[in-house]
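Structure file start19.cif with mmCIF, C-alpha atoms:
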```cif
data_final
loop_
_atom_site.label_atom_id
_atom_site.label_comp_id
_atom_site.auth_asym_id
_atom_site.auth_seq_id
_atom_site.Cartn_x
_atom_site.Cartn_y
_atom_site.Cartn_z
CA MET X 191 -27.97 8.58 74.57
CA ALA X 192 -26.32 7.05 77.62
CA ASN X 193 -29.16 7.72 80.05
CA ARG X 194 -31.92 5.89 78.16
CA ALA X 195 -33.74 3.39 80.40
CA TYR X 196 -34.03 -0.28 79.53
CA ASN X 197 -37.72 0.02 78.70
CA PHE X 198 -39.75 -3.20 79.05
CA ASN X 199 -43.10 -1.48 79.63
CA ALA X 200 -46.17 -3.36 78.43
CA GLY X 201 -47.76 -0.28 76.83
CA PRO X 202 -47.38 2.57 76.18
CA ALA X 203 -44.06 1.03 75.28
CA ALA X 204 -40.66 1.68 73.76
CA LEU X 205 -40.49 3.72 70.58
CA PRO X 206 -37.52 3.64 68.18
CA LEU X 207 -34.93 6.23 69.24
CA ASP X 208 -34.49 7.32 65.61
CA VAL X 209 -38.21 8.06 65.39
CA LEU X 210 -38.15 10.09 68.63
CA LYS X 211 -35.22 12.12 67.34
CA THR X 212 -36.99 12.80 64.02
CA ALA X 213 -40.13 13.87 65.89
CA GLN X 214 -38.03 16.12 68.11
CA GLU X 215 -36.47 17.81 65.09
CA GLN X 216 -39.86 18.33 63.43
CA PHE X 217 -41.84 19.14 66.56
CA VAL X 218 -41.83 22.93 66.66
CA GLU X 219 -41.89 23.47 62.90
CA TYR X 220 -42.97 20.83 60.40
CA GLU X 221 -41.49 21.07 56.89
CA ASN X 222 -40.90 24.85 56.84
CA SER X 223 -44.59 25.52 57.45
CA GLY X 224 -44.02 27.99 60.29
CA MET X 225 -45.93 25.80 62.72
CA SER X 226 -46.08 22.40 64.36
CA LEU X 227 -48.02 19.57 62.69
CA MET X 228 -50.23 19.58 65.81
CA GLU X 229 -51.31 23.16 65.05
CA MET X 230 -52.39 22.49 61.47
CA SER X 231 -55.78 21.84 59.95
CA HIS X 232 -56.41 18.16 59.29
CA ARG X 233 -57.99 19.32 56.02
CA GLY X 234 -54.77 20.95 54.80
CA ALA X 235 -52.45 19.50 52.16
CA ILE X 236 -49.49 19.03 54.52
CA TYR X 237 -51.38 16.90 57.04
CA GLU X 238 -53.25 14.99 54.32
CA LYS X 239 -49.87 13.90 52.89
CA VAL X 240 -48.85 12.56 56.33
CA HIS X 241 -52.22 10.80 56.69
CA TYR X 242 -52.20 9.02 53.34
CA GLU X 243 -48.51 8.11 53.56
CA ALA X 244 -49.17 6.29 56.85
CA ASP X 245 -52.02 4.39 55.14
CA SER X 246 -49.78 3.53 52.18
CA LEU X 247 -46.85 2.36 54.33
CA LEU X 248 -49.07 0.09 56.42
CA ARG X 249 -50.51 -1.45 53.25
CA GLU X 250 -47.00 -2.03 51.91
CA LEU X 251 -45.51 -3.50 55.09
CA LEU X 252 -48.44 -5.82 55.85
CA GLY X 253 -49.10 -6.68 52.21
CA ILE X 254 -52.73 -5.62 52.59
CA PRO X 255 -54.59 -6.78 49.48
CA SER X 256 -57.05 -4.66 47.52
CA GLY X 257 -60.58 -4.72 48.86
CA TYR X 258 -59.58 -3.59 52.36
CA LYS X 259 -59.82 -0.17 54.01
CA VAL X 260 -57.33 1.14 56.56
CA LEU X 261 -58.98 3.29 59.24
CA PHE X 262 -57.44 5.49 61.95
CA ILE X 263 -59.85 5.55 64.89
CA GLN X 264 -59.67 6.90 68.45
CA GLY X 265 -60.72 5.13 71.64
CA GLY X 266 -58.16 2.33 71.79
CA ALA X 267 -58.74 -1.38 71.26
CA SER X 268 -61.22 -1.26 74.14
CA THR X 269 -63.61 0.76 71.93
CA GLN X 270 -63.14 -1.86 69.22
CA PHE X 271 -64.42 -4.49 71.65
CA ALA X 272 -67.78 -2.71 71.24
CA MET X 273 -67.49 -1.49 67.64
CA VAL X 274 -66.93 -4.99 66.26
CA PRO X 275 -70.26 -6.45 67.49
CA MET X 276 -72.07 -3.13 66.90
CA ASN X 277 -71.11 -3.23 63.23
CA LEU X 278 -70.77 -6.91 62.37
CA LEU X 279 -73.37 -8.70 64.52
CA ARG X 280 -76.79 -9.02 62.94
CA PRO X 281 -80.06 -10.02 64.65
CA GLY X 282 -80.36 -13.82 64.78
CA GLN X 283 -76.62 -14.33 64.45
CA THR X 284 -74.07 -15.35 67.07
CA ALA X 285 -70.59 -13.87 67.53
CA ALA X 286 -67.98 -16.54 68.28
CA TYR X 287 -64.96 -15.80 70.49
CA VAL X 288 -61.82 -17.71 71.44
CA SER X 289 -61.24 -17.23 75.15
CA THR X 290 -57.47 -17.02 75.70
CA GLY X 291 -56.94 -14.57 78.58
CA SER X 292 -57.55 -11.16 80.04
CA TRP X 293 -58.02 -9.19 76.81
CA ALA X 294 -60.16 -11.82 75.09
CA THR X 295 -62.35 -11.87 78.22
CA LYS X 296 -62.87 -8.10 78.01
CA ALA X 297 -63.82 -8.38 74.32
CA ILE X 298 -66.33 -11.13 75.14
CA GLN X 299 -67.90 -9.14 77.99
CA GLU X 300 -68.38 -6.17 75.67
CA ALA X 301 -69.89 -8.26 72.85
CA LYS X 302 -72.49 -9.69 75.25
CA LEU X 303 -73.94 -6.18 75.55
CA PHE X 304 -74.99 -6.25 71.89
CA GLY X 305 -76.16 -9.79 71.10
CA GLU X 306 -75.60 -13.51 71.32
CA THR X 307 -72.05 -14.72 71.89
CA ALA X 308 -70.54 -18.20 71.91
CA ILE X 309 -67.17 -19.46 73.13
CA ALA X 310 -65.56 -21.30 70.21
CA ALA X 311 -62.68 -22.55 72.38
CA SER X 312 -61.16 -21.70 75.76
CA SER X 313 -57.90 -22.28 77.60
CA GLU X 314 -59.29 -21.11 80.95
CA ALA X 315 -58.89 -24.61 82.43
CA ASP X 316 -55.13 -24.18 81.86
CA LYS X 317 -55.17 -20.72 83.49
CA PHE X 318 -54.95 -19.23 79.98
CA MET X 319 -51.34 -20.36 79.68
CA ARG X 320 -51.82 -21.86 76.22
CA ILE X 321 -53.47 -21.08 72.88
CA PRO X 322 -56.17 -23.59 71.86
CA ALA X 323 -55.40 -25.90 68.93
CA PHE X 324 -57.29 -25.39 65.68
CA SER X 325 -58.96 -28.77 66.31
CA GLU X 326 -60.59 -27.33 69.46
CA LEU X 327 -62.36 -24.53 67.58
CA ASN X 328 -66.12 -25.09 67.45
CA TYR X 329 -68.41 -22.40 66.05
CA ALA X 330 -71.49 -22.17 63.84
CA SER X 331 -70.97 -22.02 60.09
CA ASP X 332 -73.27 -18.97 60.01
CA ALA X 333 -71.56 -17.13 62.89
CA ALA X 334 -71.29 -13.37 62.40
CA TYR X 335 -67.53 -13.69 62.94
CA LEU X 336 -64.86 -15.54 64.91
CA HIS X 337 -62.82 -13.25 67.16
CA LEU X 338 -59.35 -14.05 68.49
CA THR X 339 -56.79 -12.10 70.50
CA SER X 340 -53.53 -12.60 68.65
CA ASN X 341 -51.28 -11.96 71.66
CA GLU X 342 -52.25 -11.92 75.32
CA THR X 343 -49.89 -9.44 76.99
CA ILE X 344 -50.76 -10.39 80.57
CA GLU X 345 -50.39 -14.17 80.25
CA GLY X 346 -47.64 -14.05 77.62
CA THR X 347 -49.28 -16.29 75.01
CA GLN X 348 -49.51 -15.77 71.24
CA TRP X 349 -51.09 -17.49 68.25
CA ALA X 350 -48.25 -18.97 66.19
CA GLU X 351 -50.59 -19.29 63.20
CA TYR X 352 -54.16 -18.25 62.45
CA PRO X 353 -57.06 -20.54 61.53
CA ASP X 354 -58.73 -20.59 58.13
CA THR X 355 -62.36 -19.75 58.92
CA GLY X 356 -63.81 -20.03 55.42
CA SER X 357 -66.97 -17.96 54.99
CA VAL X 358 -66.99 -16.84 58.63
CA PRO X 359 -65.06 -13.54 58.92
CA LEU X 360 -62.02 -13.82 61.18
CA VAL X 361 -61.56 -10.81 63.48
CA GLY X 362 -58.15 -10.32 65.10
CA ASP X 363 -57.15 -8.08 68.00
CA MET X 364 -53.48 -7.52 67.13
CA SER X 365 -52.92 -4.62 69.53
CA SER X 366 -49.79 -6.11 71.06
CA ASP X 367 -48.21 -7.94 68.12
CA ILE X 368 -49.13 -6.18 64.88
CA LEU X 369 -46.12 -5.99 62.55
CA CYS X 370 -44.00 -8.20 64.82
CA ARG X 371 -43.96 -10.64 61.88
CA PRO X 372 -45.52 -11.01 58.43
CA VAL X 373 -49.25 -11.81 58.43
CA ASP X 374 -51.64 -13.01 55.73
CA VAL X 375 -54.23 -10.24 55.98
CA SER X 376 -56.48 -12.03 53.47
CA LYS X 377 -57.31 -14.58 56.20
CA PHE X 378 -59.04 -11.83 58.17
CA GLY X 379 -62.26 -9.91 57.73
CA LEU X 380 -61.08 -7.32 60.25
CA ILE X 381 -57.90 -6.59 62.20
CA TYR X 382 -57.64 -3.93 64.89
CA ALA X 383 -54.70 -2.71 66.94
CA GLY X 384 -54.12 0.04 69.46
CA ALA X 385 -50.91 1.75 68.35
CA GLN X 386 -49.14 2.09 71.70
CA LYS X 387 -47.19 -1.16 71.69
CA ASN X 388 -45.75 -1.66 68.20
CA LEU X 389 -46.95 1.19 66.01
CA GLY X 390 -46.61 4.50 67.82
CA PRO X 391 -47.95 6.45 70.80
CA SER X 392 -51.35 6.00 72.41
CA GLY X 393 -54.24 7.90 70.88
CA VAL X 394 -54.87 6.11 67.59
CA THR X 395 -56.14 2.63 66.77
CA ILE X 396 -55.60 0.97 63.40
CA VAL X 397 -58.51 -0.91 61.83
CA ILE X 398 -58.03 -2.96 58.66
CA ILE X 399 -61.45 -4.03 57.39
CA ARG X 400 -62.60 -5.95 54.32
CA GLU X 401 -64.83 -3.69 52.29
CA ASP X 402 -67.78 -6.11 52.16
CA LEU X 403 -68.01 -5.86 55.96
CA ILE X 404 -68.43 -2.07 55.86
CA ARG X 405 -72.18 -1.60 56.02
CA LYS X 406 -74.90 0.13 57.98
CA PRO X 407 -75.13 -1.52 61.41
CA GLU X 408 -78.28 -3.57 61.98
CA ILE X 409 -78.19 -2.97 65.73
CA ALA X 410 -80.43 0.03 66.42
CA GLY X 411 -79.01 3.29 67.61
CA VAL X 412 -75.32 2.87 66.80
CA PRO X 413 -73.81 6.39 67.07
CA THR X 414 -72.34 7.91 63.91
CA MET X 415 -68.79 7.89 65.30
CA LEU X 416 -69.01 4.18 66.17
CA ARG X 417 -69.80 3.06 62.62
CA TYR X 418 -67.00 1.76 60.41
CA GLU X 419 -69.01 3.11 57.49
CA THR X 420 -68.56 6.69 58.78
CA HIS X 421 -64.76 6.44 58.95
CA ALA X 422 -64.41 4.47 55.71
CA LYS X 423 -66.44 6.96 53.64
CA ALA X 424 -64.38 9.89 54.97
CA ASP X 425 -60.94 8.20 54.84
CA SER X 426 -60.77 8.58 58.65
CA LEU X 427 -61.20 12.36 58.29
CA TYR X 428 -64.88 12.60 59.29
CA ASN X 429 -63.84 14.52 62.40
CA THR X 430 -60.45 15.71 63.62
CA PRO X 431 -58.24 12.62 63.82
CA PRO X 432 -55.36 12.29 66.32
CA THR X 433 -53.01 13.96 63.87
CA PHE X 434 -49.77 13.77 65.86
CA ALA X 435 -50.32 10.10 66.78
CA ILE X 436 -50.91 9.26 63.09
CA TYR X 437 -47.76 11.18 62.14
CA MET X 438 -45.83 9.09 64.69
CA VAL X 439 -47.32 5.87 63.31
CA GLY X 440 -46.08 6.90 59.87
CA GLU X 441 -42.58 7.50 61.22
CA VAL X 442 -42.56 4.13 63.03
CA LEU X 443 -43.68 2.42 59.80
CA ARG X 444 -40.82 4.16 57.96
CA TRP X 445 -38.47 2.80 60.63
CA VAL X 446 -39.85 -0.75 60.22
CA LYS X 447 -39.27 -0.45 56.46
CA SER X 448 -35.69 0.74 57.07
CA GLN X 449 -35.08 -2.35 59.24
CA GLY X 450 -36.06 -4.62 56.35
CA GLY X 451 -39.81 -4.95 56.90
CA ALA X 452 -41.90 -7.45 58.84
CA ALA X 453 -39.75 -10.51 58.01
CA ALA X 454 -36.56 -8.86 59.27
CA ILE X 455 -38.38 -7.59 62.37
CA GLN X 456 -39.65 -11.13 63.06
CA LYS X 457 -36.10 -12.51 62.91
CA LEU X 458 -34.90 -9.96 65.45
CA ASN X 459 -37.95 -10.44 67.70
CA THR X 460 -37.40 -14.21 67.71
CA GLU X 461 -33.75 -13.72 68.62
CA LYS X 462 -34.70 -11.42 71.50
CA ALA X 463 -37.35 -13.84 72.79
CA ASN X 464 -35.02 -16.85 72.53
CA LEU X 465 -32.36 -15.02 74.58
CA LEU X 466 -34.80 -14.87 77.49
CA TYR X 467 -36.63 -18.17 77.06
CA ASN X 468 -33.36 -20.13 76.75
CA LEU X 469 -32.06 -18.48 79.91
CA ILE X 470 -35.33 -19.24 81.76
CA ASP X 471 -35.40 -22.88 80.59
CA GLY X 472 -31.72 -23.35 81.43
CA SER X 473 -31.95 -22.00 84.98
CA ASP X 474 -32.69 -25.36 86.68
CA GLY X 475 -36.07 -24.06 87.85
CA PHE X 476 -34.82 -20.80 89.36
CA TYR X 477 -36.85 -19.00 86.68
CA ARG X 478 -40.08 -20.62 85.48
CA GLY X 479 -41.77 -19.60 82.24
CA CYS X 480 -45.53 -19.08 82.59
CA ALA X 481 -46.82 -19.80 79.08
CA MET X 482 -46.73 -23.36 77.74
CA GLN X 483 -44.23 -24.32 75.05
CA GLY X 484 -45.75 -23.71 71.62
CA SER X 485 -47.92 -20.86 72.92
CA ARG X 486 -45.14 -18.54 74.10
CA SER X 487 -45.26 -14.94 72.98
CA ILE X 488 -42.33 -13.28 71.23
CA MET X 489 -43.69 -9.95 72.54
CA ASN X 490 -44.31 -10.57 76.27
CA VAL X 491 -42.06 -12.99 78.16
CA THR X 492 -43.76 -13.91 81.44
CA PHE X 493 -41.95 -15.78 84.21
CA ARG X 494 -41.98 -16.54 87.94
CA LEU X 495 -39.42 -17.06 90.69
CA GLY X 496 -39.57 -19.36 93.71
CA SER X 497 -41.45 -16.91 95.93
CA GLU X 498 -43.25 -13.58 95.77
CA GLU X 499 -40.57 -12.11 98.07
CA LEU X 500 -37.87 -13.06 95.57
CA GLU X 501 -39.95 -11.58 92.74
CA LYS X 502 -40.27 -8.29 94.66
CA GLN X 503 -36.52 -8.30 95.22
CA PHE X 504 -35.94 -8.93 91.49
CA ALA X 505 -38.25 -6.04 90.56
CA LYS X 506 -36.61 -3.68 93.05
CA GLU X 507 -33.01 -4.53 92.09
CA SER X 508 -33.78 -4.43 88.37
CA GLU X 509 -35.27 -0.92 88.75
CA GLN X 510 -32.11 0.21 90.53
CA GLN X 511 -30.12 -1.06 87.51
CA GLY X 512 -32.23 0.99 85.05
CA PHE X 513 -34.72 -1.68 83.97
CA VAL X 514 -38.29 -0.38 83.70
CA GLY X 515 -41.60 -2.25 83.59
CA LEU X 516 -40.61 -5.78 84.63
CA LYS X 517 -43.36 -6.35 87.20
CA GLY X 518 -46.08 -8.70 85.99
CA HIS X 519 -49.63 -7.40 85.61
CA ARG X 520 -51.30 -6.85 88.98
CA SER X 521 -53.98 -9.45 88.10
CA VAL X 522 -51.49 -12.33 87.78
CA GLY X 523 -48.30 -11.18 89.54
CA GLY X 524 -44.90 -12.57 88.59
CA LEU X 525 -42.58 -10.84 86.15
CA ARG X 526 -42.87 -9.81 82.53
CA ALA X 527 -40.49 -8.45 79.92
CA SER X 528 -42.33 -6.80 77.04
CA ILE X 529 -39.95 -6.90 74.08
CA TYR X 530 -41.90 -5.14 71.34
CA ASN X 531 -40.40 -4.23 67.97
CA ALA X 532 -38.67 -1.06 69.22
CA VAL X 533 -36.98 -2.67 72.24
CA PRO X 534 -33.30 -2.92 71.15
CA ILE X 535 -31.59 -6.31 71.38
CA GLU X 536 -28.94 -4.59 73.55
CA SER X 537 -31.61 -4.00 76.21
CA VAL X 538 -32.59 -7.69 76.10
CA ARG X 539 -28.94 -8.76 76.38
CA ALA X 540 -28.53 -6.47 79.38
CA LEU X 541 -31.61 -8.01 81.00
CA ALA X 542 -30.29 -11.53 80.36
CA GLU X 543 -27.00 -10.58 82.07
CA PHE X 544 -28.88 -9.12 85.03
CA MET X 545 -30.98 -12.30 85.30
CA LYS X 546 -27.83 -14.47 85.30
CA GLU X 547 -26.22 -12.36 88.03
CA PHE X 548 -29.41 -12.32 90.09
CA ARG X 549 -29.58 -16.09 89.96
CA GLN X 550 -25.91 -16.40 90.99
CA ARG X 551 -26.57 -14.22 94.04
CA ASN X 552 -29.88 -15.79 95.03
CA GLY X 553 -29.92 -19.31 93.59
#
```
This entry written out as structure tokens:
Amino acid sequence: MANRAYNFNAGPAALPLDVLKTAQEQFVEYENSGMSLMEMSHRGAIYEKVHYEADSLLRELLGIPSGYKVLFIQGGASTQFAMVPMNLLRPGQTAAYVSTGSWATKAIQEAKLFGETAIAASSEADKFMRIPAFSELNYASDAAYLHLTSNETIEGTQWAEYPDTGSVPLVGDMSSDILCRPVDVSKFGLIYAGAQKNLGPSGVTIVIIREDLIRKPEIAGVPTMLRYETHAKADSLYNTPPTFAIYMVGEVLRWVKSQGGAAAIQKLNTEKANLLYNLIDGSDGFYRGCAMQGSRSIMNVTFRLGSEELEKQFAKESEQQGFVGLKGHRSVGGLRASIYNAVPIESVRALAEFMKEFRQRNG
């Protein structure tokens, strides 16, 4: 399709073209049923097959070990900011958080509504432009959990590896980098991810939770729908789930498998990121990367130019050339290329060429 935009949106973000075409073909009538999947009962055999296949594919692609439940929940990662402390924080315990940027800050603010929180490490003094070292982590051995934000989309930082937290459950917000690379799920007590960056459209959030952490909340008055126990017991079918979003997640997972799985996706993502970072680093200061070396994200490449006027000019000219979503988040300014799994390398090459030409004209 010649008129497809170069989509660098931060989320909702690019979806694989093959997946969109499959969805288009199956949209009006799904598998000779005489109706769209969106019109069907979530209790029927056709939808249940879609539902459990998505669960199975995610388990396969992430290598999720036995003893974990996969849940499909609504409300986005922002609801998980509340559900995690509601379900895992017990009276007398403290929830530990690593403060790495805008999304970690939101998770911390939400947790404070439900109990004691502690900052295990923070990179705020460095304007959140780095990920703290493991040696900086400081939390109680009886903490309810340690929470980290795997990838900060706004600042453009990402954990290269995850800490071993022993008996303290590790909770990971992987909304913006799930399945961008292989991950050892057994290191985590709980992983959550809004789908709209790497897994599908907005409307469904994936939760991967160790079964021993699924229990009746000890905080009083937790609503039925905000208990992991409710969704786990009903296989995420307690109420009507976002059926079409889950179908799309299943199709995206099929696409990831067809690309060679998480390891092959990581190789391509690293190649895309290096195209941009090498160009930025080799521009004699015309472009300046925001995140510190060693903390740079392979999902969100953040950079600045010499002045805000030049950045506005870059954003305007790039839009005229068919590039979408390159303005930095309004809270930090600058520029940002979000290069999630479904962003084709051809789009990144085109952006690199535009950046070279822009520098030649304005450097």
If we count only C-alpha atoms and set the cut-off at 6 Å, which residues sit around X:Ser312, ignoring sequence neighbours fewer than 6 positions away in its own chain? Please answer as a compact mmCIF listing (two decimals) with C-alpha atoms, in the frame of the given file.
```
# COMPACT_ATOMS: atom_id res chain seq x y z
CA VAL X 288 -61.82 -17.71 71.44
CA SER X 289 -61.24 -17.23 75.15
CA THR X 290 -57.47 -17.02 75.70
```
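If you measure from each of X:Leu403, X:Val397, X:Met225, X:Leu252 to X:Ile381 using only C-alpha atoms, the closest one turns out to be X:Val397.
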Residue members of the PyMOL selection byres ((chain X and resi 424-439) around 10) in the file shown, as a ChimeraX atom specification: /X:205,209-210,212-213,217,226-233,237-245,247-248,259-264,385-386,388-396,414-415,418-423,440-445
Atoms to include: C-alpha atoms. Write the selected residues as a compact mmCIF listing (two decimals), in the frame of the given file.
```txt
# COMPACT_ATOMS: atom_id res chain seq x y z
CA LEU X 205 -40.49 3.72 70.58
CA VAL X 209 -38.21 8.06 65.39
CA LEU X 210 -38.15 10.09 68.63
CA THR X 212 -36.99 12.80 64.02
CA ALA X 213 -40.13 13.87 65.89
CA PHE X 217 -41.84 19.14 66.56
CA SER X 226 -46.08 22.40 64.36
CA LEU X 227 -48.02 19.57 62.69
CA MET X 228 -50.23 19.58 65.81
CA GLU X 229 -51.31 23.16 65.05
CA MET X 230 -52.39 22.49 61.47
CA SER X 231 -55.78 21.84 59.95
CA HIS X 232 -56.41 18.16 59.29
CA ARG X 233 -57.99 19.32 56.02
CA TYR X 237 -51.38 16.90 57.04
CA GLU X 238 -53.25 14.99 54.32
CA LYS X 239 -49.87 13.90 52.89
CA VAL X 240 -48.85 12.56 56.33
CA HIS X 241 -52.22 10.80 56.69
CA TYR X 242 -52.20 9.02 53.34
CA GLU X 243 -48.51 8.11 53.56
CA ALA X 244 -49.17 6.29 56.85
CA ASP X 245 -52.02 4.39 55.14
CA LEU X 247 -46.85 2.36 54.33
CA LEU X 248 -49.07 0.09 56.42
CA LYS X 259 -59.82 -0.17 54.01
CA VAL X 260 -57.33 1.14 56.56
CA LEU X 261 -58.98 3.29 59.24
CA PHE X 262 -57.44 5.49 61.95
CA ILE X 263 -59.85 5.55 64.89
CA GLN X 264 -59.67 6.90 68.45
CA ALA X 385 -50.91 1.75 68.35
CA GLN X 386 -49.14 2.09 71.70
CA ASN X 388 -45.75 -1.66 68.20
CA LEU X 389 -46.95 1.19 66.01
CA GLY X 390 -46.61 4.50 67.82
CA PRO X 391 -47.95 6.45 70.80
CA SER X 392 -51.35 6.00 72.41
CA GLY X 393 -54.24 7.90 70.88
CA VAL X 394 -54.87 6.11 67.59
CA THR X 395 -56.14 2.63 66.77
CA ILE X 396 -55.60 0.97 63.40
CA THR X 414 -72.34 7.91 63.91
CA MET X 415 -68.79 7.89 65.30
CA TYR X 418 -67.00 1.76 60.41
CA GLU X 419 -69.01 3.11 57.49
CA THR X 420 -68.56 6.69 58.78
CA HIS X 421 -64.76 6.44 58.95
CA ALA X 422 -64.41 4.47 55.71
CA LYS X 423 -66.44 6.96 53.64
CA GLY X 440 -46.08 6.90 59.87
CA GLU X 441 -42.58 7.50 61.22
CA VAL X 442 -42.56 4.13 63.03
CA LEU X 443 -43.68 2.42 59.80
CA ARG X 444 -40.82 4.16 57.96
CA TRP X 445 -38.47 2.80 60.63
```
Written as a compact mmCIF listing (two decimals) with C-alpha atoms, in the frame of the given file, which residues does the PyMOL selection byres ((chain X and resi 293-299) around 9) give for the file shown?
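What follows is the written file part_39.txt:
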```
# COMPACT_ATOMS: atom_id res chain seq x y z
CA SER X 268 -61.22 -1.26 74.14
CA GLN X 270 -63.14 -1.86 69.22
CA PHE X 271 -64.42 -4.49 71.65
CA ALA X 272 -67.78 -2.71 71.24
CA ALA X 286 -67.98 -16.54 68.28
CA TYR X 287 -64.96 -15.80 70.49
CA VAL X 288 -61.82 -17.71 71.44
CA SER X 289 -61.24 -17.23 75.15
CA THR X 290 -57.47 -17.02 75.70
CA GLY X 291 -56.94 -14.57 78.58
CA SER X 292 -57.55 -11.16 80.04
CA GLU X 300 -68.38 -6.17 75.67
CA ALA X 301 -69.89 -8.26 72.85
CA LYS X 302 -72.49 -9.69 75.25
CA LEU X 303 -73.94 -6.18 75.55
CA THR X 307 -72.05 -14.72 71.89
CA ALA X 308 -70.54 -18.20 71.91
CA ILE X 309 -67.17 -19.46 73.13
CA HIS X 337 -62.82 -13.25 67.16
CA LEU X 338 -59.35 -14.05 68.49
CA THR X 339 -56.79 -12.10 70.50
CA ASN X 341 -51.28 -11.96 71.66
CA GLU X 342 -52.25 -11.92 75.32
CA THR X 343 -49.89 -9.44 76.99
CA ILE X 344 -50.76 -10.39 80.57
CA ASP X 363 -57.15 -8.08 68.00
```
Produce the centre coordinates and the three edge lengths, each in Å to one decimal, of the box along x, y and z that contains all listed atoms of stretch 193-200 of chain X with 5 Å added on each side, as AutoDock Vina command-line options.
```
--center_x -37.7 --center_y 2.2 --center_z 79.3 --size_x 27.0 --size_y 21.1 --size_z 12.2
```
Excluding X:Glu536 and its own-chain neighbours fewer than 3 positions away, which residues fall within 12 Å of it when counting all atoms listed in the file? Please give them as an MDAnalysis selection string. chainID X and resid 194:197 458 461:462 465 529 532:533 539:543
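Considering the residues X:Asp474, X:Glu408, X:Glu501, X:Glu507 and counting only C-alpha atoms, X:Gly305 has its shortest atom-to-atom contact with X:Glu408.
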Can you tell me which residues surround X:Pro372 at a distance of at most 8 Å, considering all atoms listed in the file, apart from same-chain residues fewer than 5 positions away, and format the answer as a VMD selection string? chain X and resid 252 452 to 453 456
Point (-55.5, -21.1, 75.9), cut-off 12 Å, counting all atoms listed in the file, residues as number ranges by chain: X: 288-292, 294-295, 310-324, 326-327, 338-342, 345-349, 481-486
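Taking atom CA of X:Asn459 and atom CA of X:Arg520 as the two end points, the separation is 25.4 Å.
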For the atom pair atom CA of X:Glu306 and atom CA of X:Ser376, what is the interatomic distance in Å to one decimal place? 26.2 Å
